[in-house]
Amino acid sequence: MTDKKKTDNIYSKAQDHIVDFAFDESVASVFPDMIRRSVPGYDTIIPLVGLLAGQYAQPGSRIYDLGCSLGAATLSMRRRILHEDCKIIAVDNAEAMTQHCHENINKEAGLPVEVLCEDIRKVDIQNASVVTLNFTLQFIEPGQRLDLIKKIHNGLNDHGALILSEKINFTEHDEQLFQQNMHIAFKKANGYSEMEISQKRSALENILIPDTIEQHQQRLKDAGFSRVHVWFQCFNFISLIAFK
Ligand code: GEK
């Protein structure tokens, strides 16, 4: 069972070789602590994703949470969607994540939720009114991102919404430096040491590849979305909503 109080100290000891970050059991078991202390605004974004989903969910449709991890966004959306004939599909390709996600979903009642341990690039999307990619697209190979966004666009009903949260880069050097430094300050203020921050940065280097806001906006337009709004930003973390 996921212990919400379990502290992330994965990178607290010096490591000879930093292996690429993996979403395994050691990460899944400390994930709520890790993401809250690492992603500025995460604790605000989660309930607001539920609020947005409640606003845009259409009766009789499907709601997708792609890269669901332990199901935080799924649970938040389930609490806010009032159409009883909606169904949520929560997908993650890390088995450790989906196992904990199942347990979390079963702890409370609500709309039916199907948890799939699958690659989101392979999952079939149809009759969707809301699709959430909450800090997941950044882990997809950059060359494959447009195809995934196009697939989501195709699977959305008219006026359906994609909620896309990401870590971002900035084109302007001084802004990049400022936002990056504030992110590091945020992690230090949350108790991570210099060594933990730098070892985690090395482990994520080839795995988490941020785009700029402009790249996201362009890609969403290229995939066919008609309107794109930035609804949240905290340092180098943003969330967008795009409408079909
Ligand atoms: C939250 N949304 O708490 N297919 C399926 N899942 C994937 C893939 C893929 N190709 N690539 C990565 N993942 C969550 C947080 S975490 C963000 C999302 C973070 C999954 C991966 O296994 C992990 O669980 C998730 O995407 C990213 O709102 O760790 O910074």
# chains A, B, ... in the order shown; residues from 1 in each chain; ligands from 1

$ residues_around --residues "segment 106-121 of chain A" --least-positions-apart "5" --cutoff "10 Å" --atoms "only C-alpha atoms" --output "JSON, numbers by chain"
{"A": [62, 63, 64, 65, 66, 67, 68, 71, 74, 75, 77, 78, 79, 80, 81, 82, 83, 84, 85, 86, 87, 88, 89, 90, 91, 92, 93, 94, 95, 96, 97, 98, 99, 101, 133, 136, 137, 140, 144, 145, 147, 148, 149, 151, 152]}

$ write_last_selection --atoms "N, CA and C atoms" --output "compact mmCIF listing (two decimals), in the first residue's frame"
# COMPACT_ATOMS: atom_id res chain seq x y z
N ARG A 62 -15.57 9.26 -22.30
CA ARG A 62 -14.42 8.73 -21.55
C ARG A 62 -13.46 9.84 -21.18
N ILE A 63 -12.83 9.65 -20.04
CA ILE A 63 -11.84 10.60 -19.53
C ILE A 63 -10.53 9.82 -19.43
N TYR A 64 -9.46 10.32 -20.00
CA TYR A 64 -8.18 9.60 -19.97
C TYR A 64 -7.17 10.33 -19.09
N ASP A 65 -6.44 9.56 -18.27
CA ASP A 65 -5.32 10.10 -17.50
C ASP A 65 -4.08 9.34 -17.99
N LEU A 66 -3.29 9.99 -18.87
CA LEU A 66 -2.17 9.30 -19.53
C LEU A 66 -0.87 9.56 -18.77
N GLY A 67 -0.25 8.49 -18.28
CA GLY A 67 0.91 8.62 -17.39
C GLY A 67 0.39 8.92 -16.00
N CYS A 68 -0.50 8.03 -15.53
CA CYS A 68 -1.30 8.32 -14.32
C CYS A 68 -0.51 8.18 -13.03
N GLY A 71 -2.25 7.81 -9.60
CA GLY A 71 -3.67 8.11 -9.79
C GLY A 71 -4.15 9.42 -9.17
N THR A 74 -6.39 11.21 -11.63
CA THR A 74 -7.60 10.38 -11.81
C THR A 74 -8.56 10.59 -10.64
N LEU A 75 -8.03 10.50 -9.42
CA LEU A 75 -8.89 10.64 -8.23
C LEU A 75 -9.50 12.04 -8.17
N MET A 77 -10.12 14.04 -10.71
CA MET A 77 -11.15 14.17 -11.75
C MET A 77 -12.41 13.40 -11.33
N ARG A 78 -12.20 12.22 -10.76
CA ARG A 78 -13.35 11.40 -10.36
C ARG A 78 -14.21 12.12 -9.32
N ARG A 79 -13.54 12.87 -8.44
CA ARG A 79 -14.29 13.59 -7.39
C ARG A 79 -15.12 14.74 -7.97
N ARG A 80 -14.73 15.26 -9.13
CA ARG A 80 -15.38 16.47 -9.67
C ARG A 80 -16.33 16.23 -10.84
N ILE A 81 -16.25 15.04 -11.48
CA ILE A 81 -17.11 14.79 -12.65
C ILE A 81 -18.46 14.27 -12.15
N LEU A 82 -19.53 14.97 -12.56
CA LEU A 82 -20.84 14.64 -12.00
C LEU A 82 -21.66 13.72 -12.91
N HIS A 83 -21.19 13.48 -14.15
CA HIS A 83 -21.95 12.59 -15.05
C HIS A 83 -21.66 11.13 -14.68
N GLU A 84 -22.68 10.44 -14.20
CA GLU A 84 -22.45 9.07 -13.71
C GLU A 84 -22.14 8.07 -14.81
N ASP A 85 -22.43 8.46 -16.09
CA ASP A 85 -22.16 7.54 -17.19
C ASP A 85 -20.79 7.77 -17.83
N CYS A 86 -19.93 8.54 -17.18
CA CYS A 86 -18.55 8.71 -17.67
C CYS A 86 -17.69 7.57 -17.13
N LYS A 87 -16.59 7.33 -17.83
CA LYS A 87 -15.65 6.30 -17.37
C LYS A 87 -14.24 6.87 -17.50
N ILE A 88 -13.40 6.57 -16.51
CA ILE A 88 -12.01 7.08 -16.56
C ILE A 88 -11.07 5.93 -16.91
N ILE A 89 -10.15 6.21 -17.86
CA ILE A 89 -9.13 5.23 -18.23
C ILE A 89 -7.79 5.82 -17.76
N ALA A 90 -7.15 5.14 -16.82
CA ALA A 90 -5.86 5.62 -16.29
C ALA A 90 -4.77 4.70 -16.82
N VAL A 91 -3.76 5.29 -17.47
CA VAL A 91 -2.74 4.48 -18.15
C VAL A 91 -1.34 4.84 -17.68
N ASP A 92 -0.55 3.83 -17.39
CA ASP A 92 0.88 4.05 -17.11
C ASP A 92 1.62 2.78 -17.52
N ASN A 93 2.82 2.92 -18.07
CA ASN A 93 3.54 1.71 -18.50
C ASN A 93 4.48 1.16 -17.42
N ALA A 94 4.48 1.78 -16.22
CA ALA A 94 5.31 1.26 -15.13
C ALA A 94 4.44 0.42 -14.21
N GLU A 95 4.76 -0.87 -14.12
CA GLU A 95 3.92 -1.78 -13.35
C GLU A 95 3.81 -1.37 -11.88
N ALA A 96 4.95 -0.90 -11.32
CA ALA A 96 4.94 -0.50 -9.91
C ALA A 96 3.93 0.63 -9.70
N MET A 97 3.85 1.54 -10.67
CA MET A 97 2.92 2.67 -10.57
C MET A 97 1.47 2.17 -10.64
N THR A 98 1.16 1.32 -11.63
CA THR A 98 -0.24 0.91 -11.80
C THR A 98 -0.71 0.06 -10.61
N GLN A 99 0.23 -0.71 -10.01
CA GLN A 99 -0.17 -1.50 -8.83
C GLN A 99 -0.63 -0.58 -7.70
N CYS A 101 -1.55 2.47 -8.04
CA CYS A 101 -2.71 3.23 -8.54
C CYS A 101 -4.00 2.45 -8.27
N LEU A 133 -2.60 14.88 -19.62
CA LEU A 133 -1.19 14.47 -19.68
C LEU A 133 -0.51 15.32 -18.62
N THR A 136 3.71 14.10 -18.27
CA THR A 136 4.02 12.82 -18.92
C THR A 136 4.65 13.01 -20.30
N LEU A 137 4.15 14.00 -21.08
CA LEU A 137 4.66 14.17 -22.45
C LEU A 137 6.18 14.38 -22.45
N ILE A 140 8.24 11.42 -23.26
CA ILE A 140 8.11 10.78 -24.58
C ILE A 140 9.19 11.35 -25.49
N GLN A 144 8.39 11.79 -31.24
CA GLN A 144 7.12 11.04 -31.23
C GLN A 144 5.98 11.83 -30.59
N ARG A 145 6.30 13.05 -30.14
CA ARG A 145 5.29 13.82 -29.40
C ARG A 145 4.12 14.27 -30.27
N ASP A 147 2.85 12.91 -32.98
CA ASP A 147 1.96 11.80 -33.31
C ASP A 147 1.02 11.49 -32.13
N LEU A 148 1.57 11.55 -30.92
CA LEU A 148 0.74 11.27 -29.73
C LEU A 148 -0.34 12.34 -29.57
N ILE A 149 0.05 13.61 -29.75
CA ILE A 149 -0.92 14.70 -29.60
C ILE A 149 -1.99 14.61 -30.70
N LYS A 151 -2.98 11.82 -32.11
CA LYS A 151 -3.85 10.69 -31.75
C LYS A 151 -4.88 11.13 -30.70
N ILE A 152 -4.43 11.92 -29.73
CA ILE A 152 -5.35 12.42 -28.69
C ILE A 152 -6.41 13.30 -29.33

$ residues_around --residues "Ala22 of chain A" --least-positions-apart "2" --cutoff "10 Å" --atoms "only C-alpha atoms" --output "list of chain:residue names"
A:Val19, A:Asp20, A:Asp24, A:Glu25, A:Ser26, A:Val27, A:Ala28, A:Ala94, A:Ala203, A:Leu204, A:Ile207

$ closest_atom_pairs --of "segment 127-185 of chain A" --to "segment 228-235 of chain A" --cutoff "8 Å" --atoms "only C-alpha atoms" --output "JSON lines"
{"residue": "A:Gln179", "atom": "CA", "partner": "A:Phe235", "partner_atom": "CA", "distance": 5.0}
{"residue": "A:Gln180", "atom": "CA", "partner": "A:Phe235", "partner_atom": "CA", "distance": 7.5}
{"residue": "A:Met182", "atom": "CA", "partner": "A:Phe235", "partner_atom": "CA", "distance": 6.7}
{"residue": "A:His183", "atom": "CA", "partner": "A:Phe235", "partner_atom": "CA", "distance": 6.5}

$ atom_distance --atom1 "atom CA of Leu156 of chain A" --atom2 "atom CA of Ser61 of chain A"
9.5 Å

$ select_by_dssp --residues "segment 70-151 of chain A" --states "alpha helix (DSSP H)" --output "list in words"
Ala72, Ala73, Thr74, Leu75, Ser76, Met77, Arg78, Arg79, Arg80, Glu95, Ala96, Met97, Thr98, Gln99, His100, Cys101, His102, Glu103, Asn104, Ile105, Asn106, Arg145, Leu146, Asp147, Leu148, Ile149, Lys150 and Lys151 of chain A

$ closest_residue --among "A:Leu146, A:Ile241, A:Leu208, A:Met195" --to "ligand 1" --atoms "only C-alpha atoms and all ligand atoms"
A:Leu208

$ closest_residue --among "A:Ala57, A:Leu48, A:Ala72, A:Ala223" --to "ligand 1" --atoms "only C-alpha atoms and all ligand atoms"
A:Ala72

$ closest_residue --among "A:Glu205, A:Asp8, A:Glu166, A:Asp222" --to "ligand 1" --atoms "only C-alpha atoms and all ligand atoms"
A:Glu166

$ residues_around --residues "Ala242 of chain A" --least-positions-apart "5" --cutoff "8 Å" --atoms "only C-alpha atoms" --output "count of residues only"
10

$ atom_distance --atom1 "atom CA of Ser193 of chain A" --atom2 "atom CA of Ile46 of chain A"
25.9 Å

$ select_by_dssp --residues "segment 8-214 of chain A" --states "strand (DSSP E or B)" --output "PyMOL selection string"
chain A and resi 62-66+87-92+113-117+128-134+156-169+211-212

$ closest_residue --among "A:His153, A:Arg219, A:Lys200, A:His159" --to "ligand 1" --atoms "only C-alpha atoms and all ligand atoms"
A:Lys200

$ atom_distance --atom1 "atom CA of Asp33 of chain A" --atom2 "atom CA of Ile168 of chain A"
21.4 Å

$ closest_residue --among "A:Leu52, A:Val123, A:Ala189, A:Ala73" --to "Ser38 of chain A" --atoms "only C-alpha atoms"
A:Ala189

$ closest_residue --among "A:Phe178, A:Phe31, A:Phe135, A:Tyr56" --to "ligand 1" --atoms "only C-alpha atoms and all ligand atoms"
A:Phe135
